[in-house]
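Only one structure is covered here, and it is reproduced in the block below.
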Amino acid sequence: MSIATQDTAIRTGRVMRTLIYLVLLLFVLFYMLPLYVMVVNSVKPLEEITGGGMMNLPQVFTLEPWAKAWSSAQIGVEPTGLSPYFWNSIKMVVPAVAISTVLGALNGYVLTKWRFKYDTIVFGLILFACFIPFQIVLIPMAKMLGLMGLAGTTWGLVLVHVVYGVGFTTLYFRNYYAVFPTELIRAAQIDGAGFFQIFWRILLPSSGPIAVVSIIWQFTNIWNDFLFGASFAGADSQPMTVALNNLVQASHGVKEYNVHFAGAILAALPTLLVYIVAGRYFVRGLMAGSVKG
Amino acid sequence: MGFLDIDNTTKSYGAVEVLHKVDISVQEGEFLVLVGPSGCGKSTLLNMIAGLEEITSGEIRIKDNVMNGVHPSKRNIAMVFQSYALYPNMTVGQNITFGLEMHGTPKPERDKAMKDVAQLLQIEPLLDRKPGALSGGQRQRVAMGRALVRNPDVFLFDEPLSNLDAKLRVDMRTEIKKLHQKLGTTIVYVTHDQIEAMTLSTRIAVMNGGYVQQLGTPQEIYDTPANIFVATFMGSPAMNVVPAKVALENGRPVAQVSLFDGSTVALPFSQNNMSDWAGKDILLGIRPETITDEDAADRKSSNIAHMTNRIVVTEPAGSDTFVTMTLGGKDVIARMRSDADVHPGADFMFAVNMEKAVAFDPKTENRIAP
Ligand SMILES: Nc1ncnc2c1ncn2[C@@H]1O[C@H](COP(=O)(O)OP(=O)(O)OP(=O)(O)O)[C@@H](O)[C@H]1O
Ligand SMILES: [Mg+2]
């Protein structure tokens, strides 16, 4: 009797599993479709697209649209392609991510291991930064950047993104360090390590997972930002996202869809790359702290 | 002046005073154990000696230098933590020498010191491992190595054995004692385990509720506890405390205690000053091992009293058998030899070594001094 019931249990299990996989597959197709459209159309000559074959595989394979998007497409008034803007973005993202992550780590360290009066209120205020909508600060920020002489520069953008990112990075590191044993800090104090030595030698080497979370989060947000880039960048500091918009919105001449698709993929590639390289640490880092080893 | 002086030291968190005027003077080479129940302020006091907690009032001096406000690393102390607090990202060797490195000791000297300590603690094969790859006992050794390598004036231990299993705890206890005898260092050691306190210490401070209840050698604490708290906290099973009335029989003070059936027995005191309490109620403290059968009674004692009482429960524990009876309306435990002829429900003649009995004032709960 028990054998029979077990048998049916296994069989219904199989049916269920097949169904689940089918549904999952559907979702995968649904989510992959836009990427498919972008990729196939970025390697076709323009006639194939305007001819009405959006979903078809390319008849003639060409990397011409990629080359054009990268180095010779008309962006605004100059035929420079996206490449200078790509470097603008890199010059903005790398320092902004690095600075906001280090500041977040320092804040987390102080807020958990060097407790002071009203520190929870300070933390609450820092957290508040996570919830302020971008639009509200646009005008005051423009004024401040002007006063600091940073208007229209890459460093101005770096500052804006650091200010906005520190709330998140502080949150991450604070929660991570909250479960870091305080006895270790005390042991290091007795051993004679100072404030920064404890930070560099004891705390940071154990912060890998949460640093990855912070870096991925900051990188994607800052790289993908359009509003601040469009508002505060000068002609020679515009990030990739703004340039992509200018490429696609160009009002004169034919719309070169294949070049647009290639440009859009180029703009998305770095974030994809970061996810692929560091993605598995991302989940691990998000889980860390919530469950004690 | 001692080697380490804790002079009228108090600690408050905001308006709450958690340590009240602690006054302890530790001599060089002493092994002082702070013992008490959870939350009594042991760790707080230790952390104040280490400089990890501020001193609210009073003074702490090491070798006559006032330590108030001095940074932990400049007090020449070393501490072993309950969780061992080994740096997870460093090897055992780096863990041990980190303190020396921070104090600017050159590398060759550091390596030499590390080798010596590793040899002393027999952890040489572990030097290149990370703490994560060590067993509890090995971590414990490394933590001690990290303390030893600095050659400090005072060692501070905060419940260093409480994370080990029972067997290892006993082994490490012996090892710590050996180490102390070999090196003759000054140690302040926190535990809530009274057996650890008795076996390791040269002196014990029993703490409760932020007060030092009694400071003395293990023998003093055990034989002449200052009050009922100390009497019942130290010793396992705990000292029996039973209500009694003092009376005079032939001019000699006796404690009248009621037996299981309501009749009273007179147990003569060894302390003559108990005559002053004639007619008054007291609490009588009798350690379990001083209630035995006639044959096992202490031959050297000049004051063995007898009483016949009913046995309620017997609990054989291998080497001893614990016998529970009702005395003065309370459950009282006697520690008998395992071959004693005791049976639940039977009446038995017990021998009580009254030389070791102590009396407490029921109002103050303090011991009535002879
Ligand atoms: N930061 C703090 N703020 C307020 N009260 C505190 C603080 N730290 C400790 N206390 C209180 O001080 C008292 C003594 O704490 P302590 O840690 O010294 O106890 P303990 O004797 O070491 O106990 P245990 O055996 O559990 O370790 C406790 O009642 C505790 O609640
Ligand atoms: Mg404690």
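So you can find residues: chains in the structure tokens are A, B, ... in the order shown, residues in each start at 1, and ligands are numbered from 1 in order.
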Practice prompt. Tell me, as an MDAnalysis selection string, which residues lie within 10 Å of Pro205 (chain A), counting only C-alpha atoms; anything in the same chain fewer than 4 positions away does not count.
Written response: (chainID A and resid 199:201) or (chainID B and resid 87:90)
Restricting the output to C-alpha atoms, write the selected residues as a tab-separated table (two decimals), in the first residue's frame.
chain	number	residue	atom	x	y	z
A	199	PHE	CA	39.70	49.64	10.14
A	200	TRP	CA	42.30	48.62	7.56
A	201	ARG	CA	43.82	45.61	9.26
B	87	TYR	CA	41.57	38.10	14.02
B	88	PRO	CA	39.92	35.89	11.38
B	89	ASN	CA	41.91	37.27	8.45
B	90	MET	CA	45.34	36.66	9.98
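Summary of the local environment: counting only C-alpha atoms, residues at most 10 Å from Glu315 (chain B), other than itself and those fewer than 2 positions away along its chain, are B:Val313, B:Ala317, B:Gly318, B:Asp320, B:Thr321, B:Phe322, B:Val323, B:Thr324, B:Arg335, B:Met336, B:Ser338, B:Pro344.
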Would you mind exporting C-alpha atoms of the selected residues as a PDB file, in the first residue's frame?
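selection.pdb, written as the output of this step:
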ATOM      1  CA  VAL B 313      15.532  10.828  48.393  1.00  0.00           C
ATOM      2  CA  ALA B 317      26.532   9.903  41.939  1.00  0.00           C
ATOM      3  CA  GLY B 318      29.328   7.391  41.652  1.00  0.00           C
ATOM      4  CA  ASP B 320      29.220   9.988  46.541  1.00  0.00           C
ATOM      5  CA  THR B 321      25.571   9.480  47.322  1.00  0.00           C
ATOM      6  CA  PHE B 322      23.490  12.576  47.904  1.00  0.00           C
ATOM      7  CA  VAL B 323      20.778  12.163  50.511  1.00  0.00           C
ATOM      8  CA  THR B 324      17.894  14.588  50.839  1.00  0.00           C
ATOM      9  CA  ARG B 335      26.904  14.091  50.947  1.00  0.00           C
ATOM     10  CA  MET B 336      27.515  10.480  51.956  1.00  0.00           C
ATOM     11  CA  SER B 338      28.663   5.774  48.036  1.00  0.00           C
ATOM     12  CA  PRO B 344      14.486   6.381  50.891  1.00  0.00           C
TER      13      PRO B 344
END
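Between CA of Pro237 (chain B) and CA of Pro253 (chain B) the separation is 27.7 Å.
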Worksheet, complete the sentence: Among A:Tyr36, A:Phe61, A:Phe116, A:Phe226, ligand 1 is approached most closely, using only C-alpha atoms and all ligand atoms, by A:Phe116
Discussion item. Let me see if you get this right: every residue at most 10 Å from ligand 1, counting only C-alpha atoms and all ligand atoms, written as JSON, numbers by chain.
Written reply: {"B": [11, 12, 13, 14, 15, 16, 17, 18, 19, 34, 35, 36, 37, 38, 39, 40, 41, 42, 43, 44, 45, 46, 47, 48, 53, 82, 158, 159, 190, 191, 192, 193, 207, 208, 209, 210]}
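Close contacts of Thr364 (chain B), defined as residues with an atom at most 12 Å away when counting only C-alpha atoms, with chain neighbours fewer than 2 positions off set aside, comprise Ala226, Asn227, Ile228, Phe229, Ile282, Leu283, Ala359, Phe360, Asp361, Pro362, Asn366, Arg367 and Ile368 of chain B.
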Worksheet item: Near Gly208 (chain A), counting only C-alpha atoms, which residues have an atom at most 12 Å away, once you skip same-chain residues fewer than 2 positions from it, shown as a ChimeraX atom specification?
Response: /A:101,105,173,176-177,203-206,210-215,278,281-282,284-286,288 /B:89
Fill in: Within 6 Å of chain B: residues of chain A, using only C-alpha atoms, as a ChimeraX atom specification
/A:183-184,190-193
Export, as a short mmCIF file (atom, residue, chain, number, x, y, z; two decimals), in the first residue's frame, the selected residues with all heavy atoms.
data_model
loop_
_atom_site.label_atom_id
_atom_site.label_comp_id
_atom_site.auth_asym_id
_atom_site.auth_seq_id
_atom_site.Cartn_x
_atom_site.Cartn_y
_atom_site.Cartn_z
N GLU A 183 34.38 42.26 20.45
CA GLU A 183 35.57 41.81 21.19
C GLU A 183 36.83 41.88 20.33
O GLU A 183 37.92 42.12 20.83
CB GLU A 183 35.37 40.37 21.69
CG GLU A 183 34.44 40.29 22.88
CD GLU A 183 34.52 38.95 23.62
OE1 GLU A 183 35.09 38.00 23.07
OE2 GLU A 183 34.00 38.87 24.74
N LEU A 184 36.66 41.68 19.02
CA LEU A 184 37.81 41.78 18.11
C LEU A 184 38.38 43.19 18.11
O LEU A 184 39.59 43.39 18.09
CB LEU A 184 37.40 41.38 16.69
CG LEU A 184 37.34 39.89 16.41
CD1 LEU A 184 36.77 39.64 15.03
CD2 LEU A 184 38.74 39.31 16.49
N ILE A 190 43.64 46.77 22.63
CA ILE A 190 44.64 46.39 23.63
C ILE A 190 45.97 46.10 22.94
O ILE A 190 47.03 46.42 23.47
CB ILE A 190 44.16 45.15 24.42
CG1 ILE A 190 42.96 45.55 25.28
CG2 ILE A 190 45.27 44.59 25.29
CD1 ILE A 190 42.36 44.41 26.06
N ASP A 191 45.90 45.53 21.75
CA ASP A 191 47.14 45.27 21.00
C ASP A 191 47.80 46.56 20.53
O ASP A 191 48.91 46.52 20.01
CB ASP A 191 46.84 44.38 19.78
CG ASP A 191 46.94 42.90 20.14
OD1 ASP A 191 47.55 42.60 21.18
OD2 ASP A 191 46.43 42.06 19.38
N GLY A 192 47.08 47.67 20.65
CA GLY A 192 47.70 48.94 20.32
C GLY A 192 47.37 49.48 18.94
O GLY A 192 47.99 50.42 18.48
N ALA A 193 46.38 48.90 18.27
CA ALA A 193 46.01 49.41 16.96
C ALA A 193 45.12 50.64 17.12
O ALA A 193 44.27 50.68 18.00
CB ALA A 193 45.26 48.33 16.17
#
Fill in: Contact residues around Met172 (chain B) with only C-alpha atoms at 10 Å, ignoring same-chain residues under 4 positions, as a PyMOL selection string
chain B and resi 137+140-141+160-161+164+167-168+176-178
Practice prompt. Please give the complete set of residues from region 44-175 of chain A that DSSP, run on the backbone, assigns to alpha helix (DSSP H), formatted as a VMD selection string.
Written response: chain A and resid 46 to 50 64 to 71 83 to 113 119 to 128 134 to 148 154 to 175
I need the residues of region 100-335 of chain B that end up classed as strand (DSSP E or B) by DSSP on the backbone, written out as a JSON list (two decimals) with N, CA and C atoms, in the first residue's frame.
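The resulting part-v3.json:
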[["chain", "number", "residue", "atom", "x", "y", "z"],
["B", 154, "VAL", "N", 49.96, 42.56, 33.89],
["B", 154, "VAL", "CA", 48.75, 41.91, 34.41],
["B", 154, "VAL", "C", 48.02, 41.20, 33.27],
["B", 155, "PHE", "N", 47.63, 39.97, 33.52],
["B", 155, "PHE", "CA", 46.80, 39.23, 32.57],
["B", 155, "PHE", "C", 45.35, 39.33, 32.99],
["B", 156, "LEU", "N", 44.49, 39.59, 32.01],
["B", 156, "LEU", "CA", 43.06, 39.64, 32.31],
["B", 156, "LEU", "C", 42.38, 38.54, 31.51],
["B", 157, "PHE", "N", 41.62, 37.72, 32.17],
["B", 157, "PHE", "CA", 40.89, 36.64, 31.50],
["B", 157, "PHE", "C", 39.40, 36.85, 31.74],
["B", 158, "ASP", "N", 38.61, 36.89, 30.67],
["B", 158, "ASP", "CA", 37.16, 36.99, 30.83],
["B", 158, "ASP", "C", 36.51, 35.67, 30.41],
["B", 186, "THR", "N", 50.83, 38.00, 37.34],
["B", 186, "THR", "CA", 49.66, 38.49, 38.07],
["B", 186, "THR", "C", 48.44, 38.33, 37.16],
["B", 187, "ILE", "N", 47.42, 37.69, 37.68],
["B", 187, "ILE", "CA", 46.26, 37.38, 36.84],
["B", 187, "ILE", "C", 44.97, 37.83, 37.52],
["B", 188, "VAL", "N", 44.10, 38.46, 36.74],
["B", 188, "VAL", "CA", 42.72, 38.68, 37.19],
["B", 188, "VAL", "C", 41.83, 37.89, 36.24],
["B", 189, "TYR", "N", 41.01, 37.07, 36.80],
["B", 189, "TYR", "CA", 40.31, 36.05, 36.02],
["B", 189, "TYR", "C", 38.83, 36.09, 36.37],
["B", 190, "VAL", "N", 37.98, 36.24, 35.35],
["B", 190, "VAL", "CA", 36.54, 36.32, 35.58],
["B", 190, "VAL", "C", 35.89, 34.99, 35.24],
["B", 191, "THR", "N", 35.01, 34.54, 36.09],
["B", 191, "THR", "CA", 34.25, 33.32, 35.79],
["B", 191, "THR", "C", 32.96, 33.35, 36.57],
["B", 203, "ARG", "N", 43.28, 34.13, 45.51],
["B", 203, "ARG", "CA", 42.23, 34.84, 46.23],
["B", 203, "ARG", "C", 41.00, 34.98, 45.35],
["B", 204, "ILE", "N", 39.86, 35.05, 46.00],
["B", 204, "ILE", "CA", 38.59, 35.15, 45.28],
["B", 204, "ILE", "C", 37.86, 36.41, 45.72],
["B", 205, "ALA", "N", 37.28, 37.11, 44.75],
["B", 205, "ALA", "CA", 36.33, 38.17, 45.09],
["B", 205, "ALA", "C", 34.97, 37.69, 44.62],
["B", 206, "VAL", "N", 34.07, 37.44, 45.57],
["B", 206, "VAL", "CA", 32.72, 37.02, 45.21],
["B", 206, "VAL", "C", 31.87, 38.27, 45.04],
["B", 207, "MET", "N", 31.27, 38.40, 43.86],
["B", 207, "MET", "CA", 30.50, 39.62, 43.58],
["B", 207, "MET", "C", 29.04, 39.30, 43.39],
["B", 208, "ASN", "N", 28.21, 40.26, 43.77],
["B", 208, "ASN", "CA", 26.78, 40.14, 43.49],
["B", 208, "ASN", "C", 26.18, 41.53, 43.42],
["B", 211, "TYR", "N", 28.31, 44.62, 44.03],
["B", 211, "TYR", "CA", 29.07, 44.72, 45.29],
["B", 211, "TYR", "C", 30.04, 43.55, 45.38],
["B", 212, "VAL", "N", 31.23, 43.81, 45.93],
["B", 212, "VAL", "CA", 32.09, 42.70, 46.30],
["B", 212, "VAL", "C", 31.58, 42.19, 47.64],
["B", 213, "GLN", "N", 31.06, 40.97, 47.64],
["B", 213, "GLN", "CA", 30.47, 40.43, 48.85],
["B", 213, "GLN", "C", 31.54, 39.96, 49.82],
["B", 214, "GLN", "N", 32.59, 39.38, 49.28],
["B", 214, "GLN", "CA", 33.67, 38.91, 50.14],
["B", 214, "GLN", "C", 34.93, 38.77, 49.30],
["B", 215, "LEU", "N", 36.06, 39.10, 49.94],
["B", 215, "LEU", "CA", 37.35, 38.95, 49.28],
["B", 215, "LEU", "C", 38.22, 38.11, 50.21],
["B", 216, "GLY", "N", 38.72, 37.00, 49.72],
["B", 216, "GLY", "CA", 39.53, 36.17, 50.60],
["B", 216, "GLY", "C", 40.10, 34.97, 49.88],
["B", 227, "ASN", "N", 28.41, 36.03, 54.15],
["B", 227, "ASN", "CA", 26.96, 36.11, 54.24],
["B", 227, "ASN", "C", 26.32, 34.93, 53.51],
["B", 240, "ASN", "N", 23.63, 24.08, 52.95],
["B", 240, "ASN", "CA", 22.25, 24.07, 53.46],
["B", 240, "ASN", "C", 22.08, 25.20, 54.45],
["B", 241, "VAL", "N", 21.00, 25.95, 54.28],
["B", 241, "VAL", "CA", 20.72, 27.03, 55.24],
["B", 241, "VAL", "C", 19.34, 26.75, 55.84],
["B", 242, "VAL", "N", 19.30, 26.49, 57.16],
["B", 242, "VAL", "CA", 18.03, 26.12, 57.78],
["B", 242, "VAL", "C", 17.74, 27.02, 58.97],
["B", 243, "PRO", "N", 16.46, 27.33, 59.19],
["B", 243, "PRO", "CA", 16.08, 28.14, 60.35],
["B", 243, "PRO", "C", 16.33, 27.36, 61.64],
["B", 244, "ALA", "N", 16.84, 28.03, 62.64],
["B", 244, "ALA", "CA", 17.10, 27.37, 63.92],
["B", 244, "ALA", "C", 16.91, 28.39, 65.03],
["B", 245, "LYS", "N", 16.77, 27.86, 66.26],
["B", 245, "LYS", "CA", 16.65, 28.75, 67.41],
["B", 245, "LYS", "C", 17.80, 28.45, 68.35],
["B", 246, "VAL", "N", 18.41, 29.50, 68.88],
["B", 246, "VAL", "CA", 19.54, 29.29, 69.78],
["B", 246, "VAL", "C", 19.02, 29.11, 71.20],
["B", 247, "ALA", "N", 19.55, 28.10, 71.90],
["B", 247, "ALA", "CA", 19.17, 27.87, 73.30],
["B", 247, "ALA", "C", 20.43, 27.52, 74.08],
["B", 248, "LEU", "N", 20.31, 27.53, 75.41],
["B", 248, "LEU", "CA", 21.46, 27.15, 76.24],
["B", 248, "LEU", "C", 21.17, 25.80, 76.87],
["B", 249, "GLU", "N", 22.07, 24.86, 76.72],
["B", 249, "GLU", "CA", 21.95, 23.56, 77.40],
["B", 249, "GLU", "C", 23.19, 23.37, 78.23],
["B", 252, "ARG", "N", 25.84, 25.73, 77.54],
["B", 252, "ARG", "CA", 26.47, 25.69, 76.22],
["B", 252, "ARG", "C", 25.45, 26.03, 75.14],
["B", 253, "PRO", "N", 25.81, 26.91, 74.16],
["B", 253, "PRO", "CA", 24.83, 27.27, 73.14],
["B", 253, "PRO", "C", 24.56, 26.11, 72.17],
["B", 254, "VAL", "N", 23.29, 25.89, 71.89],
["B", 254, "VAL", "CA", 22.92, 24.88, 70.91],
["B", 254, "VAL", "C", 21.94, 25.49, 69.91],
["B", 255, "ALA", "N", 21.89, 24.86, 68.71],
["B", 255, "ALA", "CA", 20.91, 25.25, 67.71],
["B", 255, "ALA", "C", 19.79, 24.23, 67.73],
["B", 256, "GLN", "N", 18.56, 24.72, 68.00],
["B", 256, "GLN", "CA", 17.42, 23.81, 67.98],
["B", 256, "GLN", "C", 16.82, 23.83, 66.58],
["B", 257, "VAL", "N", 16.81, 22.63, 65.99],
["B", 257, "VAL", "CA", 16.31, 22.52, 64.62],
["B", 257, "VAL", "C", 15.22, 21.46, 64.61],
["B", 258, "SER", "N", 14.16, 21.71, 63.82],
["B", 258, "SER", "CA", 13.07, 20.73, 63.80],
["B", 258, "SER", "C", 13.38, 19.63, 62.78],
["B", 264, "THR", "N", 12.33, 18.37, 67.83],
["B", 264, "THR", "CA", 13.52, 19.18, 67.63],
["B", 264, "THR", "C", 14.75, 18.43, 68.11],
["B", 265, "VAL", "N", 15.86, 18.78, 67.47],
["B", 265, "VAL", "CA", 17.14, 18.23, 67.87],
["B", 265, "VAL", "C", 18.01, 19.41, 68.25],
["B", 266, "ALA", "N", 18.90, 19.19, 69.23],
["B", 266, "ALA", "CA", 19.79, 20.26, 69.66],
["B", 266, "ALA", "C", 21.19, 19.98, 69.13],
["B", 267, "LEU", "N", 21.67, 20.88, 68.30],
["B", 267, "LEU", "CA", 23.01, 20.71, 67.74],
["B", 267, "LEU", "C", 23.93, 21.72, 68.42],
["B", 268, "PRO", "N", 24.89, 21.25, 69.22],
["B", 268, "PRO", "CA", 25.72, 22.19, 69.99],
["B", 268, "PRO", "C", 26.68, 22.98, 69.09],
["B", 281, "ASP", "N", 16.18, 33.66, 66.93],
["B", 281, "ASP", "CA", 16.22, 32.85, 65.71],
["B", 281, "ASP", "C", 17.47, 33.17, 64.91],
["B", 282, "ILE", "N", 18.03, 32.16, 64.31],
["B", 282, "ILE", "CA", 19.17, 32.36, 63.39],
["B", 282, "ILE", "C", 18.95, 31.48, 62.17],
["B", 283, "LEU", "N", 19.85, 31.62, 61.20],
["B", 283, "LEU", "CA", 19.89, 30.67, 60.09],
["B", 283, "LEU", "C", 21.19, 29.89, 60.24],
["B", 284, "LEU", "N", 21.05, 28.57, 60.21],
["B", 284, "LEU", "CA", 22.21, 27.71, 60.43],
["B", 284, "LEU", "C", 22.70, 27.20, 59.07],
["B", 285, "GLY", "N", 24.00, 27.37, 58.83],
["B", 285, "GLY", "CA", 24.56, 26.92, 57.56],
["B", 285, "GLY", "C", 25.38, 25.65, 57.75],
["B", 286, "ILE", "N", 24.99, 24.59, 57.03],
["B", 286, "ILE", "CA", 25.70, 23.32, 57.14],
["B", 286, "ILE", "C", 26.06, 22.84, 55.74],
["B", 291, "ILE", "N", 27.53, 16.53, 56.76],
["B", 291, "ILE", "CA", 26.48, 15.63, 57.28],
["B", 291, "ILE", "C", 26.79, 14.25, 56.70],
["B", 292, "THR", "N", 27.15, 13.32, 57.56],
["B", 292, "THR", "CA", 27.56, 12.00, 57.07],
["B", 292, "THR", "C", 26.97, 10.93, 57.97],
["B", 293, "ASP", "N", 27.38, 9.68, 57.71],
["B", 293, "ASP", "CA", 27.07, 8.63, 58.68],
["B", 293, "ASP", "C", 28.16, 8.63, 59.75],
["B", 304, "ILE", "N", 31.11, 16.55, 67.05],
["B", 304, "ILE", "CA", 30.21, 15.83, 66.16],
["B", 304, "ILE", "C", 28.87, 15.67, 66.87],
["B", 305, "ALA", "N", 27.80, 16.18, 66.25],
["B", 305, "ALA", "CA", 26.47, 16.02, 66.83],
["B", 305, "ALA", "C", 25.74, 14.92, 66.07],
["B", 306, "HIS", "N", 24.73, 14.37, 66.71],
["B", 306, "HIS", "CA", 23.98, 13.31, 66.05],
["B", 306, "HIS", "C", 22.52, 13.66, 65.96],
["B", 307, "MET", "N", 21.89, 13.17, 64.88],
["B", 307, "MET", "CA", 20.44, 13.34, 64.79],
["B", 307, "MET", "C", 19.89, 12.19, 63.95],
["B", 308, "THR", "N", 18.70, 11.75, 64.33],
["B", 308, "THR", "CA", 18.05, 10.71, 63.54],
["B", 308, "THR", "C", 16.95, 11.37, 62.74],
["B", 309, "ASN", "N", 17.04, 11.21, 61.42],
["B", 309, "ASN", "CA", 16.10, 11.90, 60.55],
["B", 309, "ASN", "C", 15.71, 10.96, 59.43],
["B", 310, "ARG", "N", 14.56, 11.26, 58.80],
["B", 310, "ARG", "CA", 14.07, 10.37, 57.74],
["B", 310, "ARG", "C", 14.67, 10.77, 56.39],
["B", 311, "ILE", "N", 15.08, 9.76, 55.65],
["B", 311, "ILE", "CA", 15.63, 9.99, 54.31],
["B", 311, "ILE", "C", 14.49, 10.15, 53.32],
["B", 312, "VAL", "N", 14.51, 11.21, 52.52],
["B", 312, "VAL", "CA", 13.45, 11.42, 51.53],
["B", 312, "VAL", "C", 13.88, 10.85, 50.18],
["B", 313, "VAL", "N", 15.04, 11.28, 49.71],
["B", 313, "VAL", "CA", 15.53, 10.83, 48.39],
["B", 313, "VAL", "C", 17.01, 10.47, 48.52],
["B", 314, "THR", "N", 17.45, 9.46, 47.78],
["B", 314, "THR", "CA", 18.89, 9.22, 47.66],
["B", 314, "THR", "C", 19.28, 9.35, 46.20],
["B", 315, "GLU", "N", 20.42, 10.00, 45.94],
["B", 315, "GLU", "CA", 20.89, 10.16, 44.57],
["B", 315, "GLU", "C", 22.33, 9.68, 44.46],
["B", 316, "PRO", "N", 22.53, 8.44, 44.03],
["B", 316, "PRO", "CA", 23.90, 7.94, 43.89],
["B", 316, "PRO", "C", 24.60, 8.68, 42.75],
["B", 320, "ASP", "N", 30.01, 9.64, 45.36],
["B", 320, "ASP", "CA", 29.22, 9.99, 46.54],
["B", 320, "ASP", "C", 27.77, 9.61, 46.33],
["B", 321, "THR", "N", 27.02, 9.59, 47.44],
["B", 321, "THR", "CA", 25.57, 9.48, 47.32],
["B", 321, "THR", "C", 24.98, 10.69, 48.02],
["B", 322, "PHE", "N", 24.12, 11.41, 47.30],
["B", 322, "PHE", "CA", 23.49, 12.58, 47.90],
["B", 322, "PHE", "C", 22.17, 12.16, 48.53],
["B", 323, "VAL", "N", 21.97, 12.54, 49.78],
["B", 323, "VAL", "CA", 20.78, 12.16, 50.51],
["B", 323, "VAL", "C", 20.01, 13.43, 50.86],
["B", 324, "THR", "N", 18.73, 13.44, 50.51],
["B", 324, "THR", "CA", 17.89, 14.59, 50.84],
["B", 324, "THR", "C", 17.02, 14.24, 52.04],
["B", 325, "MET", "N", 16.94, 15.19, 52.99],
["B", 325, "MET", "CA", 16.06, 15.02, 54.15],
["B", 325, "MET", "C", 15.38, 16.35, 54.42],
["B", 326, "THR", "N", 14.42, 16.36, 55.34],
["B", 326, "THR", "CA", 13.77, 17.60, 55.73],
["B", 326, "THR", "C", 14.31, 18.03, 57.08],
["B", 327, "LEU", "N", 14.84, 19.26, 57.10],
["B", 327, "LEU", "CA", 15.41, 19.76, 58.35],
["B", 327, "LEU", "C", 15.01, 21.22, 58.48],
["B", 330, "LYS", "N", 13.10, 22.67, 55.66],
["B", 330, "LYS", "CA", 13.72, 22.84, 54.33],
["B", 330, "LYS", "C", 14.28, 21.51, 53.84],
["B", 331, "ASP", "N", 14.46, 21.41, 52.53],
["B", 331, "ASP", "CA", 15.18, 20.27, 51.99],
["B", 331, "ASP", "C", 16.66, 20.45, 52.28],
["B", 332, "VAL", "N", 17.27, 19.45, 52.86],
["B", 332, "VAL", "CA", 18.68, 19.53, 53.20],
["B", 332, "VAL", "C", 19.40, 18.36, 52.56],
["B", 333, "ILE", "N", 20.55, 18.66, 51.97],
["B", 333, "ILE", "CA", 21.29, 17.61, 51.26],
["B", 333, "ILE", "C", 22.51, 17.20, 52.08],
["B", 334, "ALA", "N", 22.70, 15.89, 52.22],
["B", 334, "ALA", "CA", 23.90, 15.36, 52.85],
["B", 334, "ALA", "C", 24.72, 14.64, 51.80],
["B", 335, "ARG", "N", 26.06, 14.76, 51.92],
["B", 335, "ARG", "CA", 26.90, 14.09, 50.95],
["B", 335, "ARG", "C", 27.52, 12.88, 51.65]]
Item to complete: Mind giving me the straight-line distance from CA of Phe180 (chain A) to CA of Val274 (chain A) in Å, one decimal?
Response: 26.9 Å
Discussion item. Using only C-alpha atoms, which protein or nucleic acid residues come within 12 Å of Thr169 (chain A)? Drop anything in the same chain fewer than 4 positions from it, and give the result as a ChimeraX atom specification.
Written reply: /A:96-109,123,126-127,129-130,161-165,173-176,210-219
